[in-house]
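Structure data follow from upload31.cif (mmCIF, C-alpha atoms):
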```cif
data_query
#
loop_
_atom_site.label_atom_id
_atom_site.label_comp_id
_atom_site.auth_asym_id
_atom_site.auth_seq_id
_atom_site.Cartn_x
_atom_site.Cartn_y
_atom_site.Cartn_z
CA MET A 144 3.87 -17.02 -17.62
CA SER A 145 6.87 -14.78 -16.76
CA GLU A 146 9.37 -17.42 -17.84
CA GLY A 147 7.69 -17.60 -21.23
CA THR A 148 7.77 -13.90 -22.09
CA ALA A 149 11.49 -13.34 -22.62
CA LEU A 150 14.56 -15.23 -23.78
CA GLU A 151 17.39 -15.56 -21.25
CA LEU A 152 20.86 -16.73 -22.20
CA ASN A 153 21.32 -19.05 -19.22
CA GLN A 154 18.06 -20.85 -20.06
CA LEU A 155 19.11 -21.31 -23.67
CA ILE A 156 22.47 -22.73 -22.58
CA ARG A 157 20.75 -25.16 -20.19
CA LEU A 158 18.82 -26.63 -23.13
CA ARG A 159 22.06 -28.35 -24.16
CA ALA A 160 21.22 -31.33 -21.96
CA ALA A 161 17.67 -31.58 -23.35
CA ALA A 162 19.03 -31.75 -26.92
CA ARG A 163 20.73 -35.10 -26.30
CA GLY A 164 19.31 -37.71 -28.65
CA LEU A 165 17.74 -35.12 -30.95
CA GLU A 166 18.41 -36.08 -34.57
CA LEU A 167 18.38 -33.45 -37.30
CA GLY A 168 17.66 -35.82 -40.18
CA ALA A 169 19.44 -37.29 -43.16
CA ARG A 170 22.18 -35.42 -44.99
CA ARG A 171 22.00 -34.41 -48.63
CA ARG A 172 24.45 -36.29 -50.83
CA VAL A 173 26.44 -33.99 -53.08
CA LEU A 174 29.43 -34.43 -55.36
CA SER A 175 32.71 -34.02 -53.54
CA ALA A 176 34.99 -31.25 -54.70
CA GLN A 177 37.99 -33.58 -54.38
CA ALA A 178 39.46 -35.64 -57.21
CA GLY A 179 37.30 -38.53 -58.32
CA GLY A 180 33.95 -36.83 -57.80
CA TYR A 181 32.74 -39.30 -55.20
CA LEU A 182 29.66 -38.59 -53.15
CA SER A 183 30.04 -36.52 -50.02
CA VAL A 184 27.83 -36.93 -46.96
CA TYR A 185 27.82 -34.16 -44.37
CA HIS A 186 27.83 -35.93 -41.01
CA GLY A 187 30.85 -36.14 -38.80
CA ARG A 188 34.36 -36.93 -39.97
CA GLY A 189 36.28 -39.73 -41.66
CA MET A 190 35.80 -41.95 -44.71
CA GLU A 191 33.02 -44.47 -45.28
CA PHE A 192 33.22 -47.21 -47.95
CA ASP A 193 30.57 -46.81 -50.65
CA GLU A 194 31.10 -49.13 -53.66
CA VAL A 195 33.59 -50.66 -56.12
CA ARG A 196 33.89 -49.71 -59.79
CA ALA A 197 36.31 -50.28 -62.67
CA TYR A 198 39.61 -48.43 -62.30
CA GLN A 199 39.82 -45.20 -64.33
CA ALA A 200 42.76 -43.04 -65.31
CA GLY A 201 43.51 -40.60 -62.51
CA ASP A 202 42.22 -42.85 -59.70
CA ASP A 203 44.46 -43.26 -56.67
CA ALA A 204 46.27 -46.59 -57.01
CA ARG A 205 46.17 -46.96 -53.23
CA THR A 206 42.39 -47.51 -53.40
CA ILE A 207 42.58 -50.51 -55.79
CA ASP A 208 40.53 -53.43 -54.48
CA TRP A 209 42.89 -56.33 -55.17
CA ARG A 210 40.38 -59.04 -54.31
CA VAL A 211 37.81 -57.76 -56.80
CA THR A 212 40.59 -57.11 -59.33
CA ALA A 213 41.78 -60.74 -59.10
CA ARG A 214 38.24 -62.10 -59.34
CA ARG A 215 37.19 -60.03 -62.36
CA GLY A 216 40.48 -59.98 -64.20
CA HIS A 217 40.89 -56.19 -64.53
CA PRO A 218 41.58 -53.39 -62.02
CA HIS A 219 38.80 -52.16 -59.77
CA THR A 220 38.97 -49.35 -57.23
CA LYS A 221 37.12 -48.63 -54.01
CA LEU A 222 34.91 -45.54 -53.80
CA PHE A 223 34.36 -43.77 -50.51
CA ARG A 224 31.97 -41.24 -49.11
CA GLU A 225 33.59 -38.43 -47.21
CA GLU A 226 32.09 -37.68 -43.82
CA ARG A 227 32.63 -34.08 -42.85
CA GLU A 228 31.12 -31.29 -40.86
CA ARG A 229 27.86 -29.95 -42.26
CA PRO A 230 26.87 -26.31 -41.92
CA VAL A 231 23.60 -25.97 -39.99
CA MET A 232 22.07 -22.54 -40.57
CA LEU A 233 19.23 -21.29 -38.37
CA LEU A 234 16.89 -18.52 -39.46
CA VAL A 235 15.29 -17.14 -36.29
CA ASP A 236 12.41 -14.77 -37.03
CA LEU A 237 11.85 -12.38 -34.10
CA HIS A 238 9.67 -9.74 -35.73
CA PRO A 239 7.29 -7.83 -33.38
CA GLY A 240 4.33 -10.07 -34.23
CA MET A 241 6.18 -12.92 -32.53
CA TYR A 242 5.77 -11.01 -29.26
CA PHE A 243 2.52 -12.80 -28.57
CA GLY A 244 1.35 -15.82 -26.63
CA SER A 245 -1.73 -16.91 -24.73
CA ARG A 246 -0.35 -20.16 -23.31
CA VAL A 247 2.99 -21.26 -21.87
CA GLN A 248 5.25 -18.90 -23.86
CA TYR A 249 5.39 -16.19 -26.50
CA LYS A 250 6.08 -17.21 -30.09
CA SER A 251 9.39 -15.33 -29.93
CA VAL A 252 10.44 -17.39 -26.90
CA LEU A 253 9.39 -20.61 -28.62
CA ALA A 254 11.45 -19.68 -31.70
CA GLY A 255 14.51 -18.99 -29.56
CA ARG A 256 14.23 -22.15 -27.50
CA LEU A 257 13.67 -24.36 -30.53
CA SER A 258 16.68 -22.74 -32.20
CA ALA A 259 18.79 -23.48 -29.13
CA LEU A 260 17.71 -27.12 -29.08
CA THR A 261 18.47 -27.47 -32.79
CA GLY A 262 21.83 -25.75 -32.40
CA TRP A 263 22.93 -27.93 -29.48
CA ALA A 264 21.92 -31.06 -31.42
CA ALA A 265 24.05 -29.86 -34.34
CA VAL A 266 27.03 -29.17 -32.08
CA ARG A 267 26.73 -32.65 -30.58
CA ALA A 268 26.71 -34.14 -34.10
CA GLY A 269 29.92 -32.28 -34.97
CA ASP A 270 28.23 -29.85 -37.36
CA ARG A 271 29.09 -26.17 -37.72
CA VAL A 272 26.37 -23.77 -36.59
CA GLY A 273 25.50 -20.30 -37.83
CA GLY A 274 22.50 -18.42 -39.13
CA ILE A 275 20.53 -15.19 -39.17
CA VAL A 276 18.51 -13.56 -36.40
CA GLN A 277 15.94 -11.14 -37.81
CA ALA A 278 14.23 -8.50 -35.68
CA ALA A 279 12.23 -5.36 -36.41
CA GLU A 280 15.05 -2.85 -36.43
CA ALA A 281 18.11 -5.00 -37.17
CA HIS A 282 19.46 -8.42 -38.04
CA ARG A 283 22.61 -10.41 -37.30
CA GLU A 284 24.40 -12.78 -39.65
CA ILE A 285 26.49 -15.44 -37.93
CA GLN A 286 28.92 -17.42 -40.07
CA PRO A 287 28.92 -21.16 -39.25
CA ALA A 288 31.57 -22.13 -36.73
CA ALA A 289 32.57 -25.46 -35.21
CA ARG A 290 31.62 -26.49 -31.71
CA GLU A 291 30.11 -23.88 -29.36
CA PRO A 292 31.35 -20.48 -30.65
CA GLY A 293 28.93 -20.16 -33.58
CA LEU A 294 25.94 -21.25 -31.53
CA LEU A 295 26.75 -19.04 -28.55
CA HIS A 296 27.00 -16.04 -30.87
CA LEU A 297 23.57 -16.94 -32.24
CA LEU A 298 22.07 -17.37 -28.77
CA ARG A 299 23.39 -13.98 -27.60
CA SER A 300 22.01 -12.34 -30.74
CA MET A 301 18.55 -13.80 -30.08
CA VAL A 302 18.54 -12.45 -26.53
CA GLN A 303 19.71 -9.01 -27.66
CA LEU A 304 17.32 -8.67 -30.62
CA GLN A 305 14.18 -10.29 -29.19
CA PRO A 306 11.04 -8.11 -29.34
CA ASP A 307 9.93 -6.49 -26.11
CA ARG A 308 6.68 -4.93 -27.34
CA PRO A 309 4.14 -5.48 -30.12
CA ALA A 310 4.40 -3.43 -33.31
CA ASP A 311 3.13 -3.44 -36.84
CA ILE A 312 3.83 -6.46 -39.04
CA MET A 313 5.69 -5.64 -42.28
CA PRO A 314 4.98 -8.19 -45.04
CA GLY A 315 8.07 -8.57 -47.18
CA ARG A 316 10.64 -8.11 -44.42
CA MET A 317 11.14 -11.88 -44.27
CA ASP A 318 11.84 -11.94 -48.01
CA ARG A 319 14.99 -9.88 -47.46
CA THR A 320 16.09 -12.24 -44.71
CA LEU A 321 15.62 -15.26 -46.97
CA ALA A 322 17.65 -13.51 -49.66
CA ARG A 323 20.44 -12.95 -47.15
CA MET A 324 20.35 -16.62 -46.21
CA ALA A 325 20.58 -17.63 -49.88
CA ARG A 326 23.67 -15.45 -50.15
CA ILE A 327 25.59 -16.78 -47.14
CA ALA A 328 24.52 -20.46 -46.97
CA LEU A 329 27.04 -22.88 -48.44
CA PRO A 330 25.64 -25.62 -50.74
CA GLY A 331 24.88 -28.76 -48.76
CA SER A 332 23.79 -26.88 -45.64
CA LEU A 333 20.86 -27.78 -43.43
CA ILE A 334 18.70 -24.66 -43.12
CA VAL A 335 16.06 -24.56 -40.36
CA ILE A 336 13.55 -21.69 -40.30
CA TYR A 337 11.61 -20.83 -37.14
CA SER A 338 8.85 -18.33 -37.89
CA ASP A 339 5.13 -17.68 -38.03
CA PHE A 340 5.70 -16.52 -41.65
CA ARG A 341 3.44 -13.48 -41.09
CA GLU A 342 6.05 -11.26 -42.73
CA ALA A 343 6.55 -13.45 -45.80
CA GLY A 344 5.86 -11.44 -48.93
CA ASP A 345 5.60 -11.98 -52.66
CA ALA A 346 9.28 -12.89 -53.10
CA ALA A 347 9.43 -15.43 -50.26
CA GLU A 348 8.67 -18.42 -52.47
CA ARG A 349 11.37 -17.48 -54.97
CA HIS A 350 14.02 -17.27 -52.25
CA LEU A 351 12.86 -20.47 -50.55
CA SER A 352 12.99 -22.29 -53.89
CA ALA A 353 16.57 -21.10 -54.45
CA LEU A 354 17.57 -22.27 -50.96
CA ALA A 355 15.98 -25.71 -51.46
CA GLN A 356 17.81 -26.38 -54.73
CA HIS A 357 21.17 -26.93 -53.04
CA ASN A 358 20.32 -27.40 -49.37
CA ASP A 359 18.08 -29.35 -47.04
CA VAL A 360 15.46 -26.89 -45.77
CA ILE A 361 13.11 -27.32 -42.80
CA ALA A 362 10.33 -24.79 -42.25
CA ALA A 363 8.89 -24.79 -38.74
CA PHE A 364 5.59 -22.89 -38.62
CA LEU A 365 5.05 -21.50 -35.12
CA TYR A 366 1.67 -20.40 -33.81
CA ASP A 367 -0.33 -19.78 -30.67
CA PRO A 368 -3.57 -21.74 -30.05
CA LEU A 369 -5.51 -18.47 -29.83
CA GLU A 370 -4.57 -17.73 -33.45
CA MET A 371 -6.17 -21.00 -34.55
CA THR A 372 -9.30 -21.00 -32.37
CA PRO A 373 -11.01 -17.88 -31.01
CA PRO A 374 -11.77 -17.60 -27.29
CA PRO A 375 -15.28 -18.34 -25.93
CA PRO A 376 -18.06 -15.93 -26.96
CA ALA A 377 -17.49 -12.56 -25.28
CA ILE A 378 -16.00 -9.11 -25.82
CA TYR A 379 -12.21 -8.99 -25.31
CA ARG A 380 -9.69 -6.17 -25.09
CA LEU A 381 -6.25 -7.22 -26.27
CA GLY A 382 -2.84 -5.54 -26.34
CA ILE A 383 -0.79 -3.32 -24.06
CA ASN A 384 -0.66 0.44 -23.38
CA GLN A 385 -1.72 2.37 -26.49
CA ARG A 386 -1.81 -0.71 -28.73
CA ARG A 387 -5.16 -2.18 -27.75
CA MET A 388 -7.94 -3.66 -29.81
CA THR A 389 -11.42 -4.96 -29.06
CA ILE A 390 -12.73 -8.21 -30.52
CA ASP A 391 -16.23 -9.63 -30.26
CA THR A 392 -16.45 -13.42 -30.53
CA ARG A 393 -20.16 -13.65 -29.73
CA HIS A 394 -21.11 -14.15 -33.38
CA ALA A 395 -20.65 -17.52 -35.10
CA THR A 396 -19.60 -15.88 -38.38
CA MET A 397 -16.74 -14.11 -36.62
CA ALA A 398 -15.45 -17.38 -35.16
CA ALA A 399 -15.66 -19.07 -38.56
CA GLN A 400 -13.75 -16.24 -40.24
CA TRP A 401 -11.13 -16.34 -37.48
CA GLN A 402 -10.47 -20.04 -38.04
CA ALA A 403 -10.59 -19.76 -41.83
CA GLN A 404 -8.03 -16.98 -41.87
CA PHE A 405 -5.58 -19.04 -39.82
CA GLN A 406 -6.09 -22.13 -41.95
CA ARG A 407 -5.51 -20.17 -45.17
CA HIS A 408 -2.21 -18.88 -43.85
CA ARG A 409 -1.02 -22.25 -42.56
CA THR A 410 -2.13 -24.11 -45.70
CA GLY A 411 -0.45 -21.53 -47.91
CA ILE A 412 2.91 -22.03 -46.18
CA ARG A 413 2.53 -25.80 -46.17
CA ASN A 414 1.69 -25.93 -49.89
CA LEU A 415 4.63 -23.67 -50.69
CA CYS A 416 6.90 -26.12 -48.89
CA LEU A 417 5.41 -29.08 -50.72
CA ARG A 418 6.05 -27.41 -54.08
CA HIS A 419 9.77 -27.11 -53.34
CA ALA A 420 10.45 -30.30 -51.33
CA ILE A 421 10.89 -28.31 -48.11
CA HIS A 422 10.13 -30.22 -44.93
CA PHE A 423 7.17 -28.56 -43.15
CA MET A 424 6.28 -28.93 -39.50
CA ASP A 425 4.15 -26.86 -37.15
CA ILE A 426 4.57 -26.31 -33.42
CA ALA A 427 2.26 -24.43 -31.04
CA THR A 428 3.37 -22.39 -28.04
CA SER A 429 1.43 -24.82 -25.83
CA ASP A 430 2.97 -28.02 -27.25
CA PRO A 431 5.50 -30.00 -25.18
CA MET A 432 8.44 -28.36 -26.94
CA LEU A 433 11.04 -31.11 -27.12
CA GLN A 434 8.53 -33.83 -28.01
CA ALA A 435 6.96 -31.65 -30.72
CA LEU A 436 10.36 -30.86 -32.25
CA ARG A 437 11.44 -34.50 -32.18
CA ALA A 438 8.16 -35.61 -33.76
CA GLY A 439 8.38 -32.95 -36.46
CA LEU A 440 11.95 -33.84 -37.37
CA SER A 441 11.21 -37.57 -37.35
CA ARG A 442 8.74 -37.05 -40.22
CA GLN A 443 11.45 -35.44 -42.33
CA GLY A 444 12.24 -38.59 -44.27
CA LYS A 445 8.52 -39.40 -44.81
CA ARG A 446 7.55 -36.45 -47.01
#
```
Mind turning the file's structure into structure tokens?
Amino acid sequence: MSEGTALELNQLIRLRAAARGLELGARRRVLSAQAGGYLSVYHGRGMEFDEVRAYQAGDDARTIDWRVTARRGHPHTKLFREERERPVMLLVDLHPGMYFGSRVQYKSVLAGRLSALTGWAAVRAGDRVGGIVQAAEAHREIQPAAREPGLLHLLRSMVQLQPDRPADIMPGRMDRTLARMARIALPGSLIVIYSDFREAGDAAERHLSALAQHNDVIAAFLYDPLEMTPPPPAIYRLGINQRRMTIDTRHATMAAQWQAQFQRHRTGIRNLCLRHAIHFMDIATSDPMLQALRAGLSRQGKR
């Protein structure tokens, strides 16, 4: 379990090889800022042919399609889609409640490792990587940068800000982080959120809706199996040092309430995502990490 209790930079860097073949999903098509207003697709570099339309004043004469022009009797021009780097912004939630895990790894470690896999996949695709790392006492904002620099800054920030002890959860803290993301994310970005959403407050939906209007947003709900299903009937003492609690799972009503509470939280986040066309996926600390991430992303186009 020791390897699953803390994030280490060398381990996050080694995940680069595991990210090979990981696809981050389709790009949002937006109007290009260049003359002509053709559609722009954020994936890689270069120009990709899109369609032919009648020539209009202001079009570049160099793009006239002479074959179509001769066949139809009046000028037609080729339209292209620009292929360029896409900003990929990661929101890594490392609040103290993420310092928990009963199997394989803590939720904070899972969030960091999934963020590293996503970041390395973005770097391999030629995208720029940045984001926000949120912890209990501080946060870091990393502007998107090409190749490795942006991602390495993010990875170091996760290691430095990761929780090292449990503490009280503060509902609403995530709302401020989402507002920060809405402020720094460029339109057309891919925004991936790794969190258990325990600190989402009343304003979270408003900020998520604003993000989803001009970006592709993926919300990855992270949880531990013990949060979903209580342990076998017995009396348990949980926590460390002075932060201990006793739970009694010997009563059927307690087990039912335990499961119902988890399902309400998960369903609430999932329904919020559905309302705003945000791609939802959930991953447990005990899941085979890479396979779970690949499966979750592969459903992105099947909402």
Name the residues captured by the PyMOL selection byres ((chain A and resi 401) around 10) when it is applied to the shown file; answer as a PyMOL selection string. chain A and resi 369-373+392+395-400+402-406
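Relative to atom CA of A:Arg157, atom CA of A:Phe243 is found at 23.6 Å.
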Expand the PyMOL selection byres ((chain A and resi 358) around 12) into the individual residues it matches in the shown file, reporting them as a PyMOL selection string. chain A and resi 169-173+185+229-232+324-325+328-335+351-357+359-361+419-422
Using the chain letters and numbering of this document, enumerate as JSON, numbers by chain the residues selected by the PyMOL selection byres ((chain A and resi 238) around 8). {"A": [236, 237, 239, 240, 241, 242, 277, 278, 279, 305, 306, 312]}
May I have the protein, DNA and RNA residues with an atom at most 6 Å from (28.8, -21.1, -37.0), counting only C-alpha atoms in the file's coordinates, returned as a PyMOL selection string? chain A and resi 271-273+286-288+293
